[in-house]
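Trainee: My structure is stored as protein-v7.cif, with mmCIF, C-alpha atoms.
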```cif
data_coords
#
loop_
_atom_site.label_atom_id
_atom_site.label_comp_id
_atom_site.auth_asym_id
_atom_site.auth_seq_id
_atom_site.Cartn_x
_atom_site.Cartn_y
_atom_site.Cartn_z
CA MET I 1 0.00 0.00 0.00
CA LEU I 2 1.28 3.44 -0.91
CA LYS I 3 0.11 6.49 0.98
CA THR I 4 0.44 9.88 -0.67
CA ALA I 5 -0.60 13.08 1.09
CA ILE I 6 -1.77 16.12 -0.84
CA ILE I 7 -0.82 19.22 1.13
CA SER I 8 -0.44 22.91 0.30
CA GLY I 9 0.50 25.39 2.96
CA LYS I 10 -1.73 28.09 1.51
CA GLY I 11 -5.42 27.27 1.36
CA GLY I 12 -7.36 27.26 -1.89
CA THR I 13 -4.47 26.22 -4.12
CA GLY I 14 -6.11 23.04 -5.39
CA LYS I 15 -5.54 20.14 -2.98
CA THR I 16 -9.05 18.79 -3.48
CA LEU I 17 -8.89 19.36 -7.25
CA VAL I 18 -5.74 17.25 -7.49
CA SER I 19 -6.82 14.62 -4.91
CA THR I 20 -10.21 13.91 -6.45
CA ASN I 21 -9.02 13.82 -10.06
CA LEU I 22 -5.95 11.75 -9.26
CA ALA I 23 -8.06 9.28 -7.25
CA ASN I 24 -10.45 9.04 -10.19
CA ILE I 25 -7.67 8.36 -12.71
CA ILE I 26 -5.87 5.78 -10.53
CA SER I 27 -9.05 3.85 -9.77
CA LYS I 28 -9.96 3.76 -13.47
CA LYS I 29 -6.80 1.75 -14.05
CA GLY I 30 -8.29 -1.05 -12.00
CA ILE I 31 -6.15 -0.24 -8.97
CA LYS I 32 -7.88 -0.49 -5.58
CA THR I 33 -7.82 3.15 -4.48
CA LEU I 34 -8.88 4.97 -1.34
CA LEU I 35 -9.34 8.72 -1.17
CA CYS I 36 -9.26 10.11 2.38
CA ASP I 37 -10.46 13.62 3.12
CA ALA I 38 -8.49 14.65 6.21
CA ASP I 39 -9.64 18.26 6.03
CA ALA I 40 -11.96 17.45 8.93
CA GLU I 41 -13.02 21.05 9.51
CA GLU I 42 -14.65 21.16 6.10
CA PRO I 43 -14.42 17.86 4.24
CA ASP I 44 -15.79 18.34 0.73
CA SER I 45 -13.96 15.92 -1.56
CA GLY I 46 -17.03 13.67 -1.41
CA ILE I 47 -19.05 16.22 -3.42
CA PHE I 48 -17.28 15.07 -6.60
CA PHE I 49 -18.43 11.44 -6.35
CA GLY I 50 -21.63 9.50 -6.11
CA LEU I 51 -21.33 8.07 -2.61
CA LYS I 52 -22.93 5.12 -0.88
CA LYS I 53 -22.32 5.24 2.87
CA ILE I 54 -20.87 2.06 4.35
CA CYS I 55 -20.33 3.08 7.96
CA GLY I 56 -19.70 5.94 10.37
CA GLU I 57 -17.57 5.68 13.50
CA ASN I 58 -17.69 8.25 16.27
CA VAL I 59 -14.46 9.92 17.35
CA LEU I 60 -14.22 10.25 21.12
CA LYS I 61 -12.00 12.39 23.31
CA LYS I 62 -11.27 11.60 26.97
CA ILE I 63 -12.29 14.46 29.25
CA PRO I 64 -11.31 14.34 32.93
CA GLU I 65 -13.83 14.46 35.76
CA VAL I 66 -12.78 15.32 39.31
CA ASP I 67 -14.28 13.76 42.40
CA LEU I 68 -13.98 16.68 44.81
CA LYS I 69 -14.59 14.39 47.80
CA LYS I 70 -11.29 12.65 47.06
CA CYS I 71 -9.43 15.81 45.91
CA SER I 72 -6.87 17.18 48.39
CA LEU I 73 -6.51 20.48 46.46
CA CYS I 74 -2.82 19.76 45.85
CA SER I 75 -3.18 21.32 42.36
CA LEU I 76 -0.67 18.92 40.77
CA CYS I 77 -3.13 18.38 37.93
CA VAL I 78 -3.60 22.12 37.41
CA ASP I 79 0.14 22.78 37.35
CA SER I 80 0.94 19.86 35.06
CA CYS I 81 -1.66 20.65 32.38
CA ASN I 82 0.12 22.20 29.40
CA PHE I 83 -3.11 23.62 28.06
CA SER I 84 -4.58 25.14 31.25
CA ALA I 85 -7.63 22.96 30.76
CA ILE I 86 -8.22 22.04 34.40
CA HIS I 87 -8.89 24.33 37.34
CA ILE I 88 -9.83 23.37 40.85
CA SER I 89 -11.18 25.43 43.70
CA LYS I 90 -12.66 24.34 47.03
CA SER I 91 -16.19 24.46 45.73
CA LYS I 92 -15.80 23.02 42.26
CA SER I 93 -13.63 21.80 39.42
CA ILE I 94 -13.68 23.50 36.06
CA ILE I 95 -12.73 21.43 33.04
CA LEU I 96 -12.33 23.47 29.87
CA ASP I 97 -13.33 20.91 27.23
CA SER I 98 -12.21 23.07 24.34
CA LEU I 99 -8.65 23.33 25.65
CA CYS I 100 -8.34 19.73 26.87
CA HIS I 101 -6.31 17.54 24.51
CA GLY I 102 -7.43 14.35 26.26
CA CYS I 103 -3.85 13.34 27.06
CA GLY I 104 -4.72 11.80 30.45
CA LEU I 105 -1.80 13.40 32.31
CA CYS I 106 -4.00 14.85 35.07
CA LYS I 107 -5.53 11.44 35.74
CA MET I 108 -2.08 9.84 35.84
CA ILE I 109 -0.54 12.44 38.10
CA CYS I 110 -3.36 12.66 40.69
CA PRO I 111 -2.05 11.16 43.97
CA GLU I 112 -5.60 10.85 45.36
CA ARG I 113 -6.97 9.04 42.28
CA ALA I 114 -9.71 11.63 42.24
CA ILE I 115 -9.75 11.96 38.45
CA THR I 116 -11.68 9.69 36.12
CA GLU I 117 -12.40 10.17 32.42
CA ARG I 118 -15.54 10.34 30.36
CA ASP I 119 -15.90 10.10 26.58
CA LYS I 120 -16.93 13.14 24.61
CA GLU I 121 -17.90 12.80 20.97
CA ILE I 122 -15.93 15.30 18.87
CA GLY I 123 -16.47 14.05 15.34
CA VAL I 124 -17.02 11.12 13.04
CA VAL I 125 -15.12 9.06 10.47
CA ASN I 126 -17.34 8.09 7.53
CA THR I 127 -16.59 5.39 4.95
CA TYR I 128 -18.26 5.35 1.53
CA HIS I 129 -18.33 3.13 -1.51
CA VAL I 130 -17.81 4.99 -4.81
CA ASN I 131 -17.25 2.15 -7.27
CA GLN I 132 -15.58 -1.25 -7.52
CA ASN I 133 -12.09 0.27 -7.37
CA LEU I 134 -12.63 3.47 -5.44
CA SER I 135 -13.60 4.04 -1.82
CA PHE I 136 -13.85 7.29 0.03
CA MET I 137 -13.33 8.12 3.70
CA GLU I 138 -13.69 11.43 5.47
CA GLY I 139 -13.09 12.79 8.95
CA ARG I 140 -15.72 15.26 10.08
CA LEU I 141 -15.11 17.43 13.14
CA ASN I 142 -18.13 18.57 15.15
CA ILE I 143 -18.94 22.27 15.01
CA GLY I 144 -17.31 24.16 17.88
CA GLU I 145 -14.52 21.62 18.43
CA PRO I 146 -11.12 23.30 18.20
CA SER I 147 -8.78 20.47 17.18
CA ALA I 148 -9.14 18.11 14.22
CA VAL I 149 -6.07 16.06 15.17
CA PRO I 150 -7.90 13.18 16.97
CA VAL I 151 -10.35 12.89 14.05
CA ILE I 152 -7.51 12.72 11.51
CA ARG I 153 -5.67 10.18 13.68
CA GLN I 154 -8.71 7.92 13.84
CA LEU I 155 -9.38 8.39 10.11
CA LYS I 156 -5.87 7.17 9.32
CA HIS I 157 -6.08 4.27 11.78
CA SER I 158 -9.28 3.16 10.06
CA ILE I 159 -7.52 2.63 6.71
CA THR I 160 -7.52 -1.12 5.97
CA ASP I 161 -4.87 -3.03 4.02
CA GLU I 162 -7.13 -3.82 1.08
CA TYR I 163 -6.08 -0.72 -0.88
CA GLU I 164 -3.16 -0.50 -3.22
CA TYR I 165 -3.15 3.26 -3.37
CA VAL I 166 -4.24 5.74 -0.70
CA LEU I 167 -4.49 9.48 -1.32
CA VAL I 168 -4.91 11.73 1.70
CA ASP I 169 -6.36 15.19 1.05
CA SER I 170 -4.86 17.36 3.79
CA PRO I 171 -6.17 20.42 5.60
CA PRO I 172 -4.39 23.65 4.59
CA GLY I 173 -1.60 25.19 6.62
CA CYS I 174 1.39 23.63 8.38
CA SER I 175 -0.04 23.07 11.85
CA CYS I 176 -0.64 19.95 13.96
CA SER I 177 -3.47 18.68 11.75
CA VAL I 178 -1.20 18.72 8.68
CA VAL I 179 1.59 16.98 10.60
CA GLU I 180 -0.93 14.32 11.69
CA THR I 181 -2.05 13.93 8.05
CA LEU I 182 1.53 13.50 6.85
CA ARG I 183 2.50 10.97 9.50
CA GLU I 184 3.24 7.55 7.95
CA CYS I 185 2.75 8.84 4.41
CA ASP I 186 5.29 7.65 1.84
CA TYR I 187 5.13 10.72 -0.33
CA ALA I 188 3.63 14.18 -0.53
CA LEU I 189 2.36 16.31 -3.39
CA VAL I 190 2.54 19.98 -2.49
CA ILE I 191 0.08 22.15 -4.36
CA THR I 192 0.88 25.82 -4.81
CA GLU I 193 -0.01 28.81 -6.98
CA PRO I 194 2.12 31.51 -8.61
CA THR I 195 1.52 34.24 -6.04
CA PRO I 196 3.74 35.66 -3.27
CA PHE I 197 1.39 34.16 -0.67
CA GLY I 198 1.55 30.78 -2.43
CA MET I 199 5.36 30.87 -2.39
CA HIS I 200 5.58 31.92 1.25
CA ASP I 201 3.36 29.08 2.47
CA LEU I 202 4.95 26.58 0.06
CA LYS I 203 8.31 27.21 1.72
CA MET I 204 6.77 26.62 5.14
CA ALA I 205 5.21 23.37 3.94
CA LEU I 206 8.57 22.23 2.50
CA THR I 207 10.21 22.85 5.88
CA VAL I 208 7.69 20.51 7.50
CA LEU I 209 8.30 17.84 4.85
CA LYS I 210 12.08 18.09 5.18
CA ASP I 211 11.74 17.84 8.95
CA MET I 212 9.54 14.76 8.68
CA GLU I 213 11.83 13.31 5.97
CA ILE I 214 8.96 12.74 3.56
CA PRO I 215 9.88 12.90 -0.16
CA TYR I 216 7.78 15.30 -2.20
CA SER I 217 7.23 17.13 -5.43
CA VAL I 218 5.32 20.28 -6.30
CA VAL I 219 2.20 20.85 -8.38
CA LEU I 220 1.91 24.42 -9.69
CA ASN I 221 -1.74 25.33 -10.15
CA ARG I 222 -3.16 28.36 -12.02
CA TRP I 223 -0.05 28.41 -14.14
CA ASP I 224 0.32 30.86 -17.05
CA LYS I 225 3.00 32.57 -19.14
CA GLU I 226 3.85 34.94 -16.32
CA SER I 227 4.59 32.19 -13.82
CA GLN I 228 8.25 31.76 -14.84
CA PRO I 229 9.76 33.68 -11.88
CA TYR I 230 7.67 31.59 -9.50
CA GLU I 231 8.83 28.38 -11.14
CA GLU I 232 12.41 29.46 -10.54
CA GLU I 233 11.58 30.33 -6.94
CA ILE I 234 10.07 26.87 -6.37
CA ILE I 235 13.14 25.14 -7.75
CA LYS I 236 15.38 27.38 -5.66
CA ALA I 237 13.37 26.43 -2.56
CA GLY I 238 14.12 22.76 -3.27
CA GLY I 239 10.88 21.83 -5.02
CA LYS I 240 10.67 19.72 -8.15
CA ILE I 241 7.66 20.70 -10.27
CA ILE I 242 5.87 17.51 -11.28
CA MET I 243 2.79 19.13 -12.88
CA LYS I 244 1.56 22.51 -14.05
CA ILE I 245 -2.19 23.04 -14.14
CA PRO I 246 -3.06 25.97 -16.42
CA TYR I 247 -5.13 28.94 -15.32
CA ASP I 248 -8.23 27.81 -17.17
CA ARG I 249 -11.75 29.13 -16.60
CA ARG I 250 -13.19 25.74 -17.57
CA ILE I 251 -11.62 24.21 -14.43
CA ALA I 252 -13.44 26.66 -12.19
CA GLY I 253 -16.62 25.94 -14.18
CA SER I 254 -16.42 22.15 -13.74
CA TYR I 255 -15.36 22.48 -10.12
CA SER I 256 -18.27 24.72 -9.19
CA HIS I 257 -20.65 22.12 -10.62
CA GLY I 258 -19.02 19.34 -8.60
CA LYS I 259 -17.60 17.71 -11.75
CA LEU I 260 -14.18 16.13 -12.23
CA ILE I 261 -12.06 17.79 -14.93
CA SER I 262 -10.38 14.44 -15.62
CA GLU I 263 -13.83 13.19 -16.71
CA GLU I 264 -15.06 16.32 -18.44
CA TYR I 265 -12.01 17.12 -20.56
CA GLU I 266 -9.75 14.58 -22.25
CA GLU I 267 -6.70 16.84 -21.98
CA TYR I 268 -7.04 16.94 -18.20
CA GLY I 269 -7.67 13.20 -18.06
CA ASN I 270 -4.34 12.77 -19.87
CA MET I 271 -2.66 15.31 -17.62
CA PHE I 272 -3.64 13.41 -14.46
CA ASN I 273 -2.63 10.15 -16.14
CA THR I 274 0.83 11.61 -16.67
CA LEU I 275 0.87 12.84 -13.08
CA PHE I 276 0.12 9.32 -11.86
CA ILE I 277 2.90 7.77 -13.95
CA LYS I 278 5.40 10.39 -12.77
CA LEU I 279 4.23 9.99 -9.17
CA LYS I 280 4.63 6.21 -9.41
CA CYS I 281 8.20 6.65 -10.70
CA GLU I 282 8.94 9.11 -7.90
CA VAL I 283 7.52 6.92 -5.15
CA GLU I 284 9.17 3.77 -6.46
CA GLY I 285 12.39 5.67 -7.00
CA ILE I 286 12.67 5.00 -10.73
CA MET W 1 -7.13 45.58 47.74
CA LYS W 2 -5.08 44.19 44.88
CA ILE W 3 -6.14 44.83 41.29
CA LEU W 4 -4.66 43.23 38.19
CA ILE W 5 -4.52 45.36 35.05
CA SER W 6 -3.87 44.13 31.52
CA ALA W 7 -1.65 46.94 30.29
CA GLU W 8 -0.01 48.23 27.14
CA SER W 9 3.11 49.32 29.05
CA ASP W 10 4.71 48.65 32.43
CA THR W 11 3.57 51.78 34.30
CA LEU W 12 0.29 53.28 35.50
CA ASP W 13 0.73 56.13 33.00
CA GLY W 14 -0.10 53.92 30.05
CA LYS W 15 -3.31 52.49 28.69
CA VAL W 16 -5.35 49.43 29.59
CA SER W 17 -4.77 46.85 26.86
CA ASP W 18 -7.65 46.03 24.57
CA ARG W 19 -6.89 42.34 25.07
CA PHE W 20 -7.19 40.47 28.34
CA ALA W 21 -4.65 37.67 28.27
CA ARG W 22 -2.48 38.70 25.34
CA ALA W 23 -1.68 42.12 26.75
CA PRO W 24 2.06 42.86 26.71
CA TYR W 25 2.18 43.66 30.45
CA PHE W 26 0.29 42.90 33.63
CA ILE W 27 0.32 45.34 36.52
CA VAL W 28 -0.73 44.36 40.03
CA VAL W 29 -1.60 47.50 41.97
CA GLU W 30 -2.48 47.89 45.65
CA SER W 31 -5.37 50.36 45.70
CA ASP W 32 -4.65 51.53 49.30
CA ASN W 33 -1.31 53.12 48.45
CA MET W 34 -1.08 52.81 44.65
CA GLU W 35 2.10 50.75 44.91
CA PHE W 36 2.43 48.45 41.94
CA GLU W 37 4.55 45.77 40.33
CA SER W 38 4.48 44.97 36.64
CA VAL W 39 5.39 41.80 34.79
CA GLN W 40 5.91 41.24 31.11
CA ASN W 41 3.43 38.74 29.72
CA PRO W 42 5.38 35.49 29.79
CA PHE W 43 3.07 33.53 27.51
CA THR W 44 2.00 35.70 24.56
CA LEU W 45 2.10 32.85 22.02
CA ASP W 46 0.79 29.95 24.11
CA HIS W 47 -2.55 28.24 23.76
CA GLY W 48 -5.08 28.65 26.55
CA MET W 49 -3.80 32.10 27.50
CA GLY W 50 -7.00 33.26 29.20
CA PRO W 51 -7.00 30.49 31.83
CA LYS W 52 -3.25 30.98 32.40
CA ILE W 53 -3.71 34.64 33.23
CA ALA W 54 -6.77 33.80 35.35
CA LYS W 55 -4.50 31.45 37.30
CA LEU W 56 -1.90 34.21 37.63
CA ALA W 57 -4.59 36.51 39.05
CA ILE W 58 -5.60 33.88 41.60
CA GLU W 59 -1.96 33.29 42.61
CA LYS W 60 -1.48 37.03 43.14
CA SER W 61 -4.69 37.08 45.28
CA VAL W 62 -6.18 39.98 43.36
CA LYS W 63 -9.78 40.97 44.05
CA ALA W 64 -10.48 42.63 40.70
CA ILE W 65 -9.22 42.73 37.12
CA ILE W 66 -9.27 45.79 34.91
CA SER W 67 -8.89 44.74 31.28
CA ALA W 68 -10.79 44.02 28.12
CA VAL W 69 -13.56 41.45 28.53
CA PRO W 70 -11.94 38.02 29.04
CA GLY W 71 -13.00 35.07 26.90
CA PRO W 72 -15.47 32.44 28.14
CA ASN W 73 -12.80 30.01 29.43
CA ALA W 74 -11.10 32.63 31.60
CA GLN W 75 -14.47 34.02 32.72
CA LYS W 76 -15.57 30.63 34.07
CA ILE W 77 -12.50 30.46 36.29
CA LEU W 78 -12.57 34.11 37.37
CA ILE W 79 -16.25 34.06 38.26
CA ASP W 80 -15.69 30.90 40.32
CA SER W 81 -12.80 32.60 42.12
CA GLY W 82 -14.95 35.61 42.97
CA ILE W 83 -12.68 38.05 41.12
CA GLU W 84 -14.55 41.08 39.82
CA LEU W 85 -14.10 42.04 36.18
CA TYR W 86 -14.07 45.67 35.11
CA ASN W 87 -13.93 46.63 31.45
CA GLY W 88 -11.41 49.41 30.82
CA ALA W 89 -10.18 48.42 27.36
CA GLY W 90 -8.11 51.07 25.63
CA ARG W 91 -8.56 53.67 28.37
CA ASN W 92 -6.03 55.51 30.50
CA ILE W 93 -5.09 53.28 33.47
CA LYS W 94 -5.12 55.99 36.17
CA GLU W 95 -8.51 57.24 35.02
CA VAL W 96 -10.10 53.76 35.09
CA LEU W 97 -8.48 52.95 38.44
CA LYS W 98 -9.88 56.14 39.97
CA GLU W 99 -13.30 55.38 38.55
CA TYR W 100 -13.25 51.77 39.78
CA ILE W 101 -11.99 52.60 43.27
CA GLY W 102 -14.46 55.51 43.55
CA ARG W 103 -17.31 53.21 42.64
CA ASN W 104 -16.35 50.74 45.37
CA ALA W 105 -15.61 53.33 48.06
#
```
Could you render the structure from this file as structure tokens?
Mentor:
Amino acid sequence: MLKTAIISGKGGTGKTLVSTNLANIISKKGIKTLLCDADAEEPDSGIFFGLKKICGENVLKKIPEVDLKKCSLCSLCVDSCNFSAIHISKSKSIILDSLCHGCGLCKMICPERAITERDKEIGVVNTYHVNQNLSFMEGRLNIGEPSAVPVIRQLKHSITDEYEYVLVDSPPGCSCSVVETLRECDYALVITEPTPFGMHDLKMALTVLKDMEIPYSVVLNRWDKESQPYEEEIIKAGGKIIMKIPYDRRIAGSYSHGKLISEEYEEYGNMFNTLFIKLKCEVEGI
Amino acid sequence: MKILISAESDTLDGKVSDRFARAPYFIVVESDNMEFESVQNPFTLDHGMGPKIAKLAIEKSVKAIISAVPGPNAQKILIDSGIELYNGAGRNIKEVLKEYIGRNA
């Protein structure tokens, strides 16, 4: 099984465009493919496919509960919490659910064993059937929950061995949720656009990839004749450009109707075919 | 009584910060004699800043906080601790202090 993450740094550069079309092209070759939408704050890759839901699994976070009868007010739990999520006074305990990471340190450290844990549902991992060769999974974070990391972790743990190729559509940025997405991936495609903002965030994303020692190449989206200086900047930053997607109004048109450009236009079908072949060579080190 | 002020600078001549926990300085002033100590905010980039500063206020045994309105997390802790909150965001510290102390006299 090969796991490729599609990340970007800057949002709106085309992660979902590349993920969905690449998944479509790979699966059409008869390869068992799984597309995972790890952008749990707003998963929308599913819009591009006809989906049949197979199952949904709740994602739970452990939230501490304090038994004040046992509590000696030593405040070890309060002092040890890195996220200031637990506060104790004589009259009551305050657990700040939104700050709690569910790490269990307070429960472990309590000398009076006054802390127990309860489950709190923070999201769901859904699995869908698309066709014989393509399945789709998404993590969906509940509204109001601050961290998608546990949802992404569970999404990735739910991936079974039956797939030959797994594509993981990442959230934007370079924060914890992207690091969680990249973990245990064999390769990353970094999508960027020829703008100063695109370059700035691309460089940040490359730093993360170098740190995590994950091989990568770059897809330059919204490319046109004036993109040359940006191409040079990408290469200078240590990025190899594996694909250039032209700045084409038809792409926006298809996308806004929830259609795949690799289905709608032959030229884009061929382009994603080429991307897959190049990606395969990259991943297999040919 | 002791009052904690979220401040833009480290003296009473400056302004109350328009942020509660991400203010650059915190001043603890004794309203009886106007003696004060100021500390630079040690955590400006951390997560969960509000509760951290609420904890600082409790440790310093302050009875009131003059600042911008704290977020819901910090408010829960401060209300439980019986610390009074007074909104003075962006205003001159001495002016707000006088107003607050006058109100409670």
Trainee: Any idea which chain W residues end up within 7 Å of chain I if we count only C-alpha atoms, as a list in words please?
Mentor: His47, Gly48, Pro51, Lys52 and Asn73 of chain W
Trainee: Could you state which residues are captured by the PyMOL selection byres ((chain I and resi 102) around 12) in this file, as a PyMOL selection string?
Mentor: chain I and resi 60-65+81-83+85-86+95-101+103-108+116-122+147+149-150
Trainee: Output C-alpha atoms for every residue in that selection, as a JSON list (two decimals), in the coordinates of the input.
Mentor:
```
[["chain", "number", "residue", "atom", "x", "y", "z"],
["I", 60, "LEU", "CA", -14.22, 10.25, 21.12],
["I", 61, "LYS", "CA", -12.00, 12.39, 23.31],
["I", 62, "LYS", "CA", -11.27, 11.60, 26.97],
["I", 63, "ILE", "CA", -12.29, 14.46, 29.25],
["I", 64, "PRO", "CA", -11.31, 14.34, 32.93],
["I", 65, "GLU", "CA", -13.83, 14.46, 35.76],
["I", 81, "CYS", "CA", -1.66, 20.65, 32.38],
["I", 82, "ASN", "CA", 0.12, 22.20, 29.40],
["I", 83, "PHE", "CA", -3.11, 23.62, 28.06],
["I", 85, "ALA", "CA", -7.63, 22.96, 30.76],
["I", 86, "ILE", "CA", -8.22, 22.04, 34.40],
["I", 95, "ILE", "CA", -12.73, 21.43, 33.04],
["I", 96, "LEU", "CA", -12.33, 23.47, 29.87],
["I", 97, "ASP", "CA", -13.33, 20.91, 27.23],
["I", 98, "SER", "CA", -12.21, 23.07, 24.34],
["I", 99, "LEU", "CA", -8.65, 23.33, 25.65],
["I", 100, "CYS", "CA", -8.34, 19.73, 26.87],
["I", 101, "HIS", "CA", -6.31, 17.54, 24.51],
["I", 103, "CYS", "CA", -3.85, 13.34, 27.06],
["I", 104, "GLY", "CA", -4.72, 11.80, 30.45],
["I", 105, "LEU", "CA", -1.80, 13.40, 32.31],
["I", 106, "CYS", "CA", -4.00, 14.85, 35.07],
["I", 107, "LYS", "CA", -5.53, 11.44, 35.74],
["I", 108, "MET", "CA", -2.08, 9.84, 35.84],
["I", 116, "THR", "CA", -11.68, 9.69, 36.12],
["I", 117, "GLU", "CA", -12.40, 10.17, 32.42],
["I", 118, "ARG", "CA", -15.54, 10.34, 30.36],
["I", 119, "ASP", "CA", -15.90, 10.10, 26.58],
["I", 120, "LYS", "CA", -16.93, 13.14, 24.61],
["I", 121, "GLU", "CA", -17.90, 12.80, 20.97],
["I", 122, "ILE", "CA", -15.93, 15.30, 18.87],
["I", 147, "SER", "CA", -8.78, 20.47, 17.18],
["I", 149, "VAL", "CA", -6.07, 16.06, 15.17],
["I", 150, "PRO", "CA", -7.90, 13.18, 16.97]]
```
Trainee: Residues within 10 Å of Ile5 (chain W), please, as a ChimeraX atom specification. Count all atoms listed in the file; anything in the same chain fewer than 4 positions from it doesn't count.
Mentor: /W:12,15-17,20,23,25-29,38,57,64-68,86,88,93,97
Trainee: May I have the residues at most 7 Å from (-11.7, -2.0, -9.5) in the file's coordinates, counting all atoms listed in the file, as a ChimeraX atom specification?
Mentor: /I:27,30-32,132-134
Trainee: Convert the output of the PyMOL selection byres ((chain I and resi 124) around 9) on the shown file into explicit residues, formatted as a list in words.
Mentor: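 Listing what the PyMOL selection byres ((chain I and resi 124) around 9) selects in the shown file: Gly56, Glu57, Asn58, Val59, Leu60, Glu121, Ile122, Gly123, Val125, Asn126, Glu138, Gly139, Arg140, Leu141, Asn142, Val151, Gln154 and Leu155 of chain I.
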Trainee: Write the residues of the selection above to a file with C-alpha atoms, as a short mmCIF file (atom, residue, chain, number, x, y, z; two decimals), in the frame of the given file.
Mentor:
```cif
data_model
loop_
_atom_site.label_atom_id
_atom_site.label_comp_id
_atom_site.auth_asym_id
_atom_site.auth_seq_id
_atom_site.Cartn_x
_atom_site.Cartn_y
_atom_site.Cartn_z
CA GLY I 56 -19.70 5.94 10.37
CA GLU I 57 -17.57 5.68 13.50
CA ASN I 58 -17.69 8.25 16.27
CA VAL I 59 -14.46 9.92 17.35
CA LEU I 60 -14.22 10.25 21.12
CA GLU I 121 -17.90 12.80 20.97
CA ILE I 122 -15.93 15.30 18.87
CA GLY I 123 -16.47 14.05 15.34
CA VAL I 125 -15.12 9.06 10.47
CA ASN I 126 -17.34 8.09 7.53
CA GLU I 138 -13.69 11.43 5.47
CA GLY I 139 -13.09 12.79 8.95
CA ARG I 140 -15.72 15.26 10.08
CA LEU I 141 -15.11 17.43 13.14
CA ASN I 142 -18.13 18.57 15.15
CA VAL I 151 -10.35 12.89 14.05
CA GLN I 154 -8.71 7.92 13.84
CA LEU I 155 -9.38 8.39 10.11
#
```
Trainee: Between CA of Ile152 (chain I) and CA of Thr181 (chain I), what is the spacing in Å?
Mentor: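 Here the two named atoms are 6.6 Å from each other.
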Trainee: Quick one: of W:Met49, W:Ala105, W:Val62, W:Ala54, who's nearest to Leu4 (chain W), counting all atoms listed in the file?
Mentor: W:Val62
